[in-house]
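Chemist: Next comes the structure file data_39.tsv, holding TSV, C-alpha atoms and all ligand atoms.
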```tsv
chain	number	residue	atom	x	y	z
A	20	MET	CA	134.83	-23.48	-24.38
A	21	THR	CA	137.88	-24.33	-22.28
A	22	THR	CA	139.01	-27.00	-24.68
A	23	HIS	CA	138.56	-24.54	-27.46
A	24	LEU	CA	140.72	-21.98	-25.68
A	25	LEU	CA	143.29	-24.62	-24.91
A	26	LYS	CA	143.38	-25.67	-28.52
A	27	GLN	CA	143.82	-22.07	-29.53
A	28	ARG	CA	146.70	-21.61	-27.04
A	29	LEU	CA	148.36	-24.76	-28.29
A	30	LEU	CA	148.08	-23.61	-31.85
A	31	LEU	CA	149.41	-20.18	-30.97
A	32	GLY	CA	152.29	-21.85	-29.15
A	33	CYS	CA	153.12	-23.89	-32.20
A	34	ILE	CA	153.01	-20.86	-34.43
A	35	PHE	CA	155.27	-18.98	-32.01
A	36	VAL	CA	157.86	-21.76	-31.90
A	37	PHE	CA	157.61	-22.05	-35.62
A	38	SER	CA	158.25	-18.37	-36.20
A	39	LEU	CA	161.29	-18.57	-33.92
A	40	VAL	CA	162.65	-21.36	-36.05
A	41	ALA	CA	161.81	-19.42	-39.18
A	42	LEU	CA	163.51	-16.39	-37.72
A	43	ALA	CA	166.66	-18.28	-36.81
A	44	PHE	CA	166.73	-19.67	-40.29
A	45	SER	CA	166.10	-16.30	-41.90
A	46	SER	CA	169.03	-14.65	-40.16
A	47	ILE	CA	171.34	-17.19	-41.73
A	48	GLN	CA	169.77	-16.95	-45.13
A	49	PRO	CA	167.56	-13.91	-45.59
A	50	PRO	CA	164.58	-14.49	-47.85
A	51	VAL	CA	164.77	-12.12	-50.77
A	52	GLN	CA	161.09	-12.25	-51.60
A	53	ALA	CA	159.74	-10.97	-48.31
A	54	ALA	CA	159.38	-7.40	-49.43
A	55	ALA	CA	156.32	-7.94	-51.58
A	56	ALA	CA	154.39	-9.15	-48.57
A	57	ALA	CA	156.20	-7.01	-46.06
A	58	GLN	CA	153.71	-7.38	-43.22
A	59	ALA	CA	153.05	-11.08	-43.76
A	60	PRO	CA	154.85	-13.58	-41.55
A	61	ALA	CA	158.06	-15.23	-42.69
A	62	PRO	CA	157.56	-17.30	-45.86
A	63	ALA	CA	158.24	-20.60	-44.10
A	64	THR	CA	155.39	-19.96	-41.68
A	65	ASP	CA	153.15	-18.96	-44.57
A	66	ALA	CA	153.74	-22.23	-46.36
A	67	SER	CA	152.94	-24.32	-43.31
A	68	ALA	CA	149.87	-22.20	-42.52
A	69	ALA	CA	148.71	-22.65	-46.10
A	70	LYS	CA	149.01	-26.43	-45.67
A	71	GLN	CA	146.81	-26.35	-42.57
A	72	GLY	CA	144.44	-24.03	-44.37
A	73	GLU	CA	144.20	-26.38	-47.30
A	74	VAL	CA	142.85	-29.15	-45.07
A	75	LEU	CA	140.19	-26.85	-43.64
A	76	PHE	CA	139.38	-25.46	-47.04
A	77	GLN	CA	138.79	-28.89	-48.55
A	78	GLN	CA	136.50	-29.76	-45.63
A	79	SER	CA	134.48	-26.57	-45.37
A	80	CYS	CA	134.79	-24.46	-48.46
A	81	ALA	CA	135.69	-26.54	-51.50
A	82	PHE	CA	132.20	-27.76	-52.32
A	83	CYS	CA	131.15	-24.18	-52.96
A	84	HIS	CA	134.38	-22.45	-54.01
A	85	GLY	CA	136.05	-25.39	-55.77
A	86	ARG	CA	139.02	-27.43	-54.51
A	87	ASP	CA	141.44	-24.92	-56.00
A	88	ALA	CA	139.40	-21.91	-54.75
A	89	MET	CA	138.79	-20.96	-58.39
A	90	GLY	CA	135.03	-21.13	-58.12
A	91	GLY	CA	132.45	-23.85	-57.92
A	92	GLU	CA	128.77	-24.20	-58.56
A	93	THR	CA	127.63	-21.94	-55.76
A	94	GLY	CA	130.68	-19.96	-54.66
A	95	PRO	CA	132.74	-17.41	-56.61
A	96	ASP	CA	136.35	-17.76	-57.75
A	97	LEU	CA	138.30	-16.46	-54.75
A	98	THR	CA	141.51	-16.05	-56.75
A	99	ARG	CA	139.82	-13.27	-58.71
A	100	SER	CA	137.92	-11.69	-55.85
A	101	LYS	CA	138.62	-7.99	-55.41
A	102	LEU	CA	138.05	-8.40	-51.70
A	103	VAL	CA	140.71	-11.13	-51.51
A	104	LEU	CA	143.20	-9.31	-53.73
A	105	GLY	CA	142.80	-6.02	-51.89
A	106	ASP	CA	142.98	-7.37	-48.38
A	107	LYS	CA	146.57	-6.89	-47.26
A	108	THR	CA	146.08	-7.87	-43.63
A	109	GLY	CA	143.62	-10.72	-44.17
A	110	ASP	CA	141.11	-9.05	-41.86
A	111	GLN	CA	138.40	-8.70	-44.49
A	112	ILE	CA	138.74	-12.29	-45.64
A	113	MET	CA	138.62	-13.50	-42.05
A	114	ALA	CA	135.52	-11.38	-41.38
A	115	VAL	CA	133.69	-12.91	-44.35
A	116	ILE	CA	134.57	-16.44	-43.22
A	117	HIS	CA	133.68	-15.76	-39.61
A	118	GLU	CA	130.43	-13.93	-40.27
A	119	GLY	CA	129.45	-15.54	-43.56
A	120	ARG	CA	127.28	-13.82	-46.15
A	121	ILE	CA	124.06	-15.34	-45.05
A	122	GLU	CA	121.85	-13.43	-47.46
A	123	LYS	CA	124.06	-14.72	-50.33
A	124	LYS	CA	124.04	-18.27	-48.97
A	125	MET	CA	127.52	-18.44	-47.54
A	126	PRO	CA	127.24	-19.77	-43.98
A	127	PRO	CA	129.38	-18.37	-41.13
A	128	PHE	CA	132.30	-20.48	-39.86
A	129	PRO	CA	133.10	-19.81	-36.19
A	130	PHE	CA	136.79	-20.73	-36.53
A	131	ALA	CA	139.44	-19.42	-34.14
A	132	THR	CA	141.95	-16.87	-35.39
A	133	PRO	CA	144.79	-19.32	-36.18
A	134	GLU	CA	142.41	-21.37	-38.31
A	135	LEU	CA	141.15	-18.25	-40.06
A	136	ARG	CA	144.74	-17.19	-40.70
A	137	SER	CA	145.58	-20.56	-42.17
A	138	LEU	CA	142.61	-20.23	-44.53
A	139	VAL	CA	143.83	-16.80	-45.57
A	140	ALA	CA	147.29	-18.26	-46.21
A	141	PHE	CA	145.81	-21.03	-48.35
A	142	ILE	CA	143.63	-18.64	-50.37
A	143	ARG	CA	146.66	-16.40	-50.96
A	144	ALA	CA	148.74	-19.34	-52.09
A	145	ARG	CA	145.94	-20.21	-54.52
A	146	VAL	CA	145.94	-16.63	-55.86
A	147	VAL	CA	149.64	-16.93	-56.65
A	148	ALA	CA	149.20	-20.35	-58.25
A	149	ALA	CA	146.15	-19.29	-60.26
A	150	ASP	CA	147.97	-16.23	-61.44
A	151	ALA	CA	150.86	-18.27	-62.74
A	152	GLN	CA	148.42	-20.63	-64.46
A	153	LYS	CA	146.23	-18.01	-66.06
A	154	GLY	CA	149.00	-15.66	-67.06
A	155	GLY	CA	147.92	-13.12	-64.51
A	156	ARG	CA	144.21	-12.80	-65.19
A	157	ARG	CA	142.97	-10.69	-62.34
A	158	GLY	CA	139.46	-9.71	-61.62
A	159	VAL	CA	138.18	-8.66	-65.01
A	160	ASP	CA	137.34	-10.32	-68.31
A	161	VAL	CA	138.84	-9.55	-71.71
A	162	ALA	CA	135.44	-8.52	-73.03
A	163	ASP	CA	135.34	-5.76	-70.41
A	164	LEU	CA	138.50	-4.17	-71.72
A	165	GLN	CA	136.83	-2.21	-74.48
A	166	THR	CA	133.77	-0.95	-72.69
A	167	GLY	CA	135.18	2.05	-70.82
A	168	ASN	CA	134.86	5.77	-71.36
A	169	VAL	CA	138.15	7.56	-72.09
A	170	GLU	CA	137.11	10.96	-70.68
A	171	GLN	CA	135.81	9.42	-67.47
A	172	GLY	CA	138.99	7.43	-67.17
A	173	LYS	CA	141.13	10.54	-67.54
A	174	LYS	CA	139.05	12.30	-64.91
A	175	PHE	CA	139.48	9.40	-62.53
A	176	PHE	CA	143.22	9.26	-63.23
A	177	GLU	CA	143.64	12.92	-62.33
A	178	GLY	CA	141.06	13.01	-59.58
A	179	ALA	CA	139.65	10.31	-57.33
A	180	GLY	CA	142.18	7.71	-58.48
A	181	THR	CA	145.11	9.95	-57.42
A	182	CYS	CA	147.14	8.27	-60.18
A	183	SER	CA	148.66	11.58	-61.27
A	184	LYS	CA	150.34	11.90	-57.89
A	185	CYS	CA	152.86	9.32	-59.11
A	186	HIS	CA	152.30	8.97	-62.85
A	187	SER	CA	152.17	11.20	-65.88
A	188	PRO	CA	150.61	10.32	-69.26
A	189	THR	CA	153.46	12.15	-70.99
A	190	GLY	CA	156.15	10.94	-68.58
A	191	ASP	CA	156.51	7.46	-67.16
A	192	LEU	CA	153.27	6.17	-68.71
A	193	ALA	CA	153.91	7.62	-72.18
A	194	GLY	CA	153.57	4.80	-74.68
A	195	ILE	CA	152.46	2.34	-72.00
A	196	ALA	CA	149.72	0.93	-74.24
A	197	SER	CA	152.27	0.09	-76.92
A	198	LYS	CA	154.41	-1.68	-74.36
A	199	LEU	CA	151.67	-3.55	-72.54
A	200	LYS	CA	148.52	-4.85	-74.15
A	201	GLY	CA	145.07	-5.69	-72.89
A	202	LEU	CA	145.04	-7.89	-69.84
A	203	GLU	CA	148.76	-7.50	-69.28
A	204	LEU	CA	148.28	-3.75	-68.98
A	205	GLU	CA	145.28	-4.20	-66.77
A	206	MET	CA	147.11	-6.60	-64.52
A	207	ARG	CA	150.05	-4.24	-64.13
A	208	MET	CA	147.73	-1.36	-63.42
A	209	LEU	CA	145.86	-3.29	-60.76
A	210	TYR	CA	148.86	-4.93	-59.22
A	211	PRO	CA	152.33	-3.89	-60.34
A	212	ARG	CA	154.83	-6.71	-60.02
A	213	ASP	CA	158.31	-7.01	-58.70
A	214	VAL	CA	158.44	-3.53	-57.33
A	215	LEU	CA	160.48	-3.63	-54.15
A	216	SER	CA	159.67	-1.33	-51.29
A	217	LYS	CA	162.36	0.97	-50.04
A	218	VAL	CA	163.27	1.29	-46.42
A	219	ALA	CA	165.39	3.67	-44.39
A	220	VAL	CA	166.68	2.40	-41.07
A	221	THR	CA	168.00	4.75	-38.42
A	222	THR	CA	170.16	3.17	-35.75
A	223	ARG	CA	170.41	4.36	-32.12
A	224	ASP	CA	173.61	6.29	-32.88
A	225	GLY	CA	171.72	8.27	-35.50
A	226	LYS	CA	173.13	6.61	-38.62
A	227	THR	CA	170.65	6.07	-41.46
A	228	ILE	CA	171.03	3.22	-43.94
A	229	ALA	CA	168.68	3.09	-46.91
A	230	GLY	CA	168.01	0.34	-49.39
A	231	LYS	CA	165.50	-2.11	-50.78
A	232	LEU	CA	163.37	-3.80	-48.16
A	233	ALA	CA	164.41	-7.45	-48.08
A	234	TYR	CA	162.85	-8.71	-44.89
A	235	LEU	CA	160.32	-7.54	-42.32
A	236	ASP	CA	158.46	-9.28	-39.54
A	237	GLU	CA	157.62	-8.36	-35.99
A	238	PHE	CA	161.21	-8.87	-34.83
A	239	THR	CA	163.52	-8.05	-37.68
A	240	VAL	CA	163.95	-5.56	-40.46
A	241	GLY	CA	166.39	-6.29	-43.27
A	242	LEU	CA	167.48	-4.45	-46.36
A	243	ARG	CA	169.80	-4.76	-49.31
A	244	ASP	CA	171.93	-1.69	-49.87
A	245	ALA	CA	172.99	-0.22	-53.21
A	246	ASP	CA	175.87	-2.72	-53.40
A	247	GLY	CA	173.51	-5.62	-52.81
A	248	VAL	CA	174.80	-6.28	-49.30
A	249	TYR	CA	172.21	-7.57	-46.83
A	250	HIS	CA	171.90	-5.85	-43.44
A	251	SER	CA	169.44	-6.65	-40.69
A	252	TRP	CA	168.52	-5.30	-37.28
A	253	SER	CA	166.33	-6.22	-34.40
A	254	ILE	CA	163.35	-3.89	-34.67
A	255	GLU	CA	163.66	-2.87	-31.00
A	256	ASN	CA	167.00	-1.24	-31.65
A	257	VAL	CA	166.20	0.91	-34.65
A	258	GLN	CA	163.64	3.20	-36.21
A	259	TYR	CA	162.60	2.43	-39.75
A	260	LYS	CA	160.39	3.84	-42.43
A	261	VAL	CA	159.08	1.75	-45.29
A	262	ASP	CA	158.17	3.41	-48.54
A	263	SER	CA	156.03	1.07	-50.55
A	264	PRO	CA	154.69	2.91	-53.60
A	265	VAL	CA	152.80	-0.11	-54.80
A	266	ASP	CA	150.64	-0.01	-51.69
A	267	ALA	CA	148.77	2.79	-53.41
A	268	HIS	CA	147.67	0.26	-56.02
A	269	VAL	CA	146.70	-2.38	-53.54
A	270	GLU	CA	144.77	0.14	-51.47
A	271	MET	CA	142.75	1.11	-54.55
A	272	PHE	CA	141.45	-2.41	-54.99
A	273	PRO	CA	138.46	-2.29	-52.70
A	274	LYS	CA	137.68	1.27	-53.85
A	275	TYR	CA	137.44	0.76	-57.60
A	276	THR	CA	134.06	0.15	-59.11
A	277	ASP	CA	134.06	-2.01	-62.25
A	278	ASP	CA	133.29	1.14	-64.23
A	279	ASP	CA	136.34	2.90	-62.78
A	280	ILE	CA	138.53	0.04	-63.98
A	281	HIS	CA	136.97	-0.06	-67.44
A	282	ASN	CA	137.25	3.71	-67.82
A	283	LEU	CA	140.85	3.73	-66.64
A	284	MET	CA	141.70	0.96	-69.07
A	285	ALA	CA	140.05	2.90	-71.91
A	286	TYR	CA	142.13	5.93	-70.98
A	287	LEU	CA	145.42	4.06	-70.56
A	288	GLN	CA	144.89	2.39	-73.91
A	289	THR	CA	145.06	5.82	-75.55
A	290	LEU	CA	148.63	6.25	-74.25
A	291	ARG	CA	150.43	4.82	-77.24
B	1	LIG	C1	127.43	-23.00	-49.22
B	1	LIG	C2	128.39	-22.41	-50.07
B	1	LIG	C3	129.62	-21.73	-49.48
B	1	LIG	C4	130.52	-22.25	-48.55
B	1	LIG	C5	130.46	-23.59	-47.86
B	1	LIG	C6	131.55	-21.27	-48.39
B	1	LIG	N1	131.28	-20.16	-49.15
B	1	LIG	FE1	132.42	-18.51	-49.28
B	1	LIG	N2	131.01	-17.63	-50.46
B	1	LIG	C7	129.90	-18.26	-50.95
B	1	LIG	C8	129.14	-17.33	-51.77
B	1	LIG	C9	127.84	-17.61	-52.51
B	1	LIG	C10	129.87	-16.11	-51.74
B	1	LIG	C11	129.55	-14.83	-52.47
B	1	LIG	C12	128.78	-13.91	-51.58
B	1	LIG	C13	128.53	-12.60	-52.29
B	1	LIG	O1	128.28	-12.60	-53.50
B	1	LIG	O2	128.59	-11.61	-51.60
B	1	LIG	C14	131.04	-16.35	-50.90
B	1	LIG	C15	132.00	-15.37	-50.62
B	1	LIG	C16	133.19	-15.65	-50.01
B	1	LIG	C17	134.26	-14.69	-49.85
B	1	LIG	C18	134.22	-13.24	-50.30
B	1	LIG	C19	134.50	-13.11	-51.76
B	1	LIG	C20	134.23	-11.73	-52.27
B	1	LIG	O3	134.81	-11.37	-53.30
B	1	LIG	O4	133.41	-11.01	-51.70
B	1	LIG	C21	135.29	-15.34	-49.22
B	1	LIG	C22	136.65	-14.74	-48.87
B	1	LIG	C23	134.85	-16.69	-48.97
B	1	LIG	N3	133.58	-16.84	-49.46
B	1	LIG	C24	135.61	-17.65	-48.36
B	1	LIG	C25	135.10	-18.87	-47.95
B	1	LIG	C26	135.84	-19.81	-47.13
B	1	LIG	C27	137.28	-19.66	-46.70
B	1	LIG	C28	134.99	-20.84	-46.88
B	1	LIG	C29	135.23	-22.06	-46.01
B	1	LIG	C30	135.60	-21.82	-44.63
B	1	LIG	C31	133.73	-20.58	-47.56
B	1	LIG	N4	133.85	-19.37	-48.18
B	1	LIG	C32	132.66	-21.43	-47.57
B	1	LIG	C33	129.50	-19.56	-50.72
B	1	LIG	C34	130.12	-20.42	-49.83
B	2	LIG	C1	152.00	6.31	-54.64
B	2	LIG	C2	152.37	6.26	-56.03
B	2	LIG	C3	151.43	5.59	-57.02
B	2	LIG	C4	150.09	5.84	-57.24
B	2	LIG	C5	149.16	6.79	-56.49
B	2	LIG	C6	149.72	5.04	-58.38
B	2	LIG	N1	150.80	4.33	-58.83
B	2	LIG	FE1	150.86	3.18	-60.49
B	2	LIG	N2	152.74	2.60	-60.04
B	2	LIG	C7	153.51	3.10	-59.01
B	2	LIG	C8	154.78	2.41	-59.00
B	2	LIG	C9	155.92	2.66	-58.03
B	2	LIG	C10	154.73	1.47	-60.07
B	2	LIG	C11	155.83	0.53	-60.50
B	2	LIG	C12	156.62	1.24	-61.53
B	2	LIG	C13	157.60	0.35	-62.21
B	2	LIG	O1	157.47	-0.86	-62.20
B	2	LIG	O2	158.49	0.94	-62.81
B	2	LIG	C14	153.45	1.64	-60.71
B	2	LIG	C15	153.06	0.95	-61.84
B	2	LIG	C16	151.95	1.24	-62.59
B	2	LIG	C17	151.65	0.73	-63.90
B	2	LIG	C18	152.54	-0.25	-64.68
B	2	LIG	C19	153.59	0.56	-65.36
B	2	LIG	C20	154.62	-0.30	-66.02
B	2	LIG	O3	155.45	0.30	-66.74
B	2	LIG	O4	154.65	-1.51	-65.82
B	2	LIG	C21	150.47	1.27	-64.31
B	2	LIG	C22	149.77	1.03	-65.63
B	2	LIG	C23	150.01	2.12	-63.25
B	2	LIG	N3	150.92	2.09	-62.22
B	2	LIG	C24	148.83	2.82	-63.26
B	2	LIG	C25	148.34	3.51	-62.16
B	2	LIG	C26	146.99	4.05	-62.10
B	2	LIG	C27	145.96	3.95	-63.21
B	2	LIG	C28	146.87	4.63	-60.87
B	2	LIG	C29	145.64	5.31	-60.28
B	2	LIG	C30	144.48	4.49	-60.12
B	2	LIG	C31	148.14	4.49	-60.19
B	2	LIG	N4	149.00	3.80	-60.99
B	2	LIG	C32	148.44	5.00	-58.93
B	2	LIG	C33	153.14	4.10	-58.13
B	2	LIG	C34	151.86	4.63	-58.02
```
Go through the file and emit its structure as structure tokens.
Ligand code: HEC
Ligand code: HEC
Modeler:
Amino acid sequence: MTTHLLKQRLLLGCIFVFSLVALAFSSIQPPVQAAAAAQAPAPATDASAAKQGEVLFQQSCAFCHGRDAMGGETGPDLTRSKLVLGDKTGDQIMAVIHEGRIEKKMPPFPFATPELRSLVAFIRARVVAADAQKGGRRGVDVADLQTGNVEQGKKFFEGAGTCSKCHSPTGDLAGIASKLKGLELEMRMLYPRDVLSKVAVTTRDGKTIAGKLAYLDEFTVGLRDADGVYHSWSIENVQYKVDSPVDAHVEMFPKYTDDDIHNLMAYLQTLR
């Protein structure tokens, strides 16, 4: 037990030092991509965590989920798992690993939090890689695209799906099905790409600066203003509010049933 705790402390220490280094680096050269994963640690840390996670994954998970996490004989493709794709914080993934799914024949793995986090980082890196490889195939098969019910889809769009809060079939989504086809449309619906969050930062003297969120971790918030100039602040010194419209999509992930997705797709495909 004590050695375990010690190991955990050591690991935490390493991660802390590492994030300091990452932070120092990031203030010289702000990462532009951070916005998409606003609450994730700095990209440099992610990459090193993913490396550690890869080692663990190959030891403990690969024989069921495949070396690339894309599915093996007894474990599902994690790069297409709704649970994985919808889990912004990593908590759900970590819970599955820690507790297992005994009734479905996945054993529990009593790893410590840093190890669990490294596994999450590896799985996420695999999602990105698999996506690039498969041209963005996410979660559903082509054959499923034509099986939905248009009326049900419309109902979901206006009701439970809350899509009409931000979209209109005669406004921004008019003609969407002519622009985007099949899986491309589905992928964009499930997980819009390249949409930067906005952020408004209010400094102690009451000045508010707004722009596109360019960096966020537990110490620093950074944005790019309308002229493309990067500004950053120590979080202690400012108030900030992030507006991330795409979160609505990510939050829907665990809530959709397969039928909801098929019905929505049927409906969206009528918007030509
Ligand atoms: C003995 C085979 C086996 C091993 C080893 C295994 N898993 Fe699994 N895992 C499964 C099965 C089977 C499921 C699907 C359970 C279900 O259908 O609910 C699963 C589900 C999952 C899920 C949830 C996917 C979802 O969409 O619900 C995650 C995340 C996961 N495994 C990660 C891991 C990680 C990380 C490891 C290694 C630490 C691991 N698994 C080791 C068999 C395994
Ligand atoms: C909180 C606001 C919000 C909600 C709710 C929302 N979306 Fe979106 N959606 C967005 C934003 C922002 C984008 C990115 C728009 C862009 O790229 O121009 C987007 C993109 C999309 C796209 C891709 C459009 C394109 O031109 O690439 C589709 C399709 C879509 N959403 C469908 C849906 C559906 C279906 C729902 C309901 C299940 C939904 N959205 C709920 C804000 C929202």
Chemist: May I ask you to write as a ChimeraX atom specification all residues lying at most 7 Å from ligand LIG 1 (chain B), with all atoms listed in the file counted?
Modeler: /A:75-76,79-80,82-84,93-95,97,100-103,112,115-116,120,123-126,128,138
Chemist: Would you name the residues within 8 Å of ligand LIG 2 (chain B), counting all atoms listed in the file, and put them as an NGL selection string?
Modeler: :A and (175-176 or 180-186 or 191-192 or 195 or 198-199 or 204-205 or 207-214 or 263-268 or 271 or 283-284 or 287)
Chemist: In Å, how far is it from atom CA of A:His117 to atom CA of A:Gly72?
Modeler: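 So the two atoms, atom CA of A:His117 and atom CA of A:Gly72, lie 14.4 Å apart.
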Chemist: Of the candidates A:Arg243, A:Arg86, A:Lys217, A:Arg143, which one gets nearest to A:Asp106 if we count all atoms listed in the file?
Modeler: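 Closest candidate: A:Arg143.
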Chemist: Find the residue from A:Glu177, A:Asp65, A:Asp246, A:Glu203 that sits nearest to A:Phe141; use all atoms listed in the file when measuring.
Modeler: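 Closest residue, counting all atoms listed in the file: A:Asp65.
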Chemist: Measuring between only C-alpha atoms, which one of A:Lys107, A:Lys173, A:Arg99, A:Lys70 shows the shortest distance to A:Ala140?
Modeler: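 Between A:Lys107, A:Lys173, A:Arg99, A:Lys70, the residue approaching A:Ala140 most closely is A:Lys70.
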Chemist: Quick one, how far is atom CA of A:Gly90 from atom CA of A:Val74?
Modeler: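 We find that atom CA of A:Gly90 and atom CA of A:Val74 lie 17.2 Å from each other.
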Chemist: With only C-alpha atoms as the basis for distance, which of A:Ala196, A:Arg145, A:Thr189, A:Arg136 is at the shortest distance from A:Gly85?
Modeler: A:Arg145
Chemist: What does the distance between atom CA of A:Asp236 and atom CA of A:Ala149 come to in Å, to one decimal place?
Modeler: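 About the pair atom CA of A:Asp236 and atom CA of A:Ala149: they are 26.1 Å apart.
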Chemist: Find the residue from A:Gln77, A:Ser216, A:Ser67, A:Thr108 that sits nearest to A:Ala229; use all atoms listed in the file when measuring.
Modeler: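 So, comparing all the options, the nearest one is A:Ser216.
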Chemist: Out of A:Asp87, A:Asp150, A:Glu134, A:Asp277, which residue has the shortest atom-to-atom distance to A:Gly167 when counting all atoms listed in the file?
Modeler: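 Of A:Asp87, A:Asp150, A:Glu134, A:Asp277, the one nearest A:Gly167 is A:Asp277, counting all atoms listed in the file.
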Chemist: Report, as AutoDock Vina command-line options, the axis-aligned box around all atoms of stretch 190-198 of chain A present in the file, extended by 3 Å on each side; give centre and edge lengths in Å to one decimal place.
Modeler:
```
--center_x 153.1 --center_y 4.6 --center_z -72.0 --size_x 12.8 --size_y 18.6 --size_z 15.8
```
Chemist: If we count all atoms listed in the file and set the cut-off at 7 Å, which residues sit around stretch 237-241 of chain A, ignoring sequence neighbours fewer than 3 positions away in its own chain? Please answer as a PyMOL selection string.
Modeler: chain A and resi 232-234+249-254
Chemist: Would you mind listing what lies within 8 Å of A:Val218 as a list of chain:residue names, with only C-alpha atoms counted and same-chain residues fewer than 5 positions away left out?
Modeler: A:Ala229, A:Gly230, A:Lys231, A:Leu232, A:Leu242, A:Tyr259, A:Lys260, A:Val261, A:Asp262
Chemist: Mind filling out stretch 118-129 of chain A with N, CA and C atoms and sending it as a tab-separated table (two decimals), in the coordinates of the input?
Modeler:
```tsv
chain	number	residue	atom	x	y	z
A	118	GLU	N	131.82	-14.38	-40.33
A	118	GLU	CA	130.43	-13.93	-40.27
A	118	GLU	C	129.56	-14.51	-41.38
A	119	GLY	N	130.20	-15.02	-42.44
A	119	GLY	CA	129.45	-15.54	-43.56
A	119	GLY	C	128.79	-14.41	-44.35
A	120	ARG	N	128.11	-14.78	-45.40
A	120	ARG	CA	127.28	-13.82	-46.15
A	120	ARG	C	125.94	-14.50	-46.27
A	121	ILE	N	125.24	-14.50	-45.16
A	121	ILE	CA	124.06	-15.34	-45.05
A	121	ILE	C	123.04	-15.06	-46.14
A	122	GLU	N	122.85	-13.79	-46.44
A	122	GLU	CA	121.85	-13.43	-47.46
A	122	GLU	C	122.26	-13.94	-48.85
A	123	LYS	N	123.59	-14.20	-49.04
A	123	LYS	CA	124.06	-14.72	-50.33
A	123	LYS	C	124.34	-16.22	-50.25
A	124	LYS	N	123.95	-16.83	-49.14
A	124	LYS	CA	124.04	-18.27	-48.97
A	124	LYS	C	125.45	-18.79	-48.64
A	125	MET	N	126.29	-17.91	-48.12
A	125	MET	CA	127.52	-18.44	-47.54
A	125	MET	C	127.34	-18.47	-46.02
A	126	PRO	N	127.46	-19.66	-45.42
A	126	PRO	CA	127.24	-19.77	-43.98
A	126	PRO	C	128.45	-19.22	-43.20
A	127	PRO	N	128.24	-18.79	-41.95
A	127	PRO	CA	129.38	-18.37	-41.13
A	127	PRO	C	130.16	-19.57	-40.60
A	128	PHE	N	131.46	-19.41	-40.41
A	128	PHE	CA	132.30	-20.48	-39.86
A	128	PHE	C	132.99	-19.94	-38.61
A	129	PRO	N	132.56	-20.39	-37.43
A	129	PRO	CA	133.10	-19.81	-36.19
A	129	PRO	C	134.49	-20.35	-35.84
```
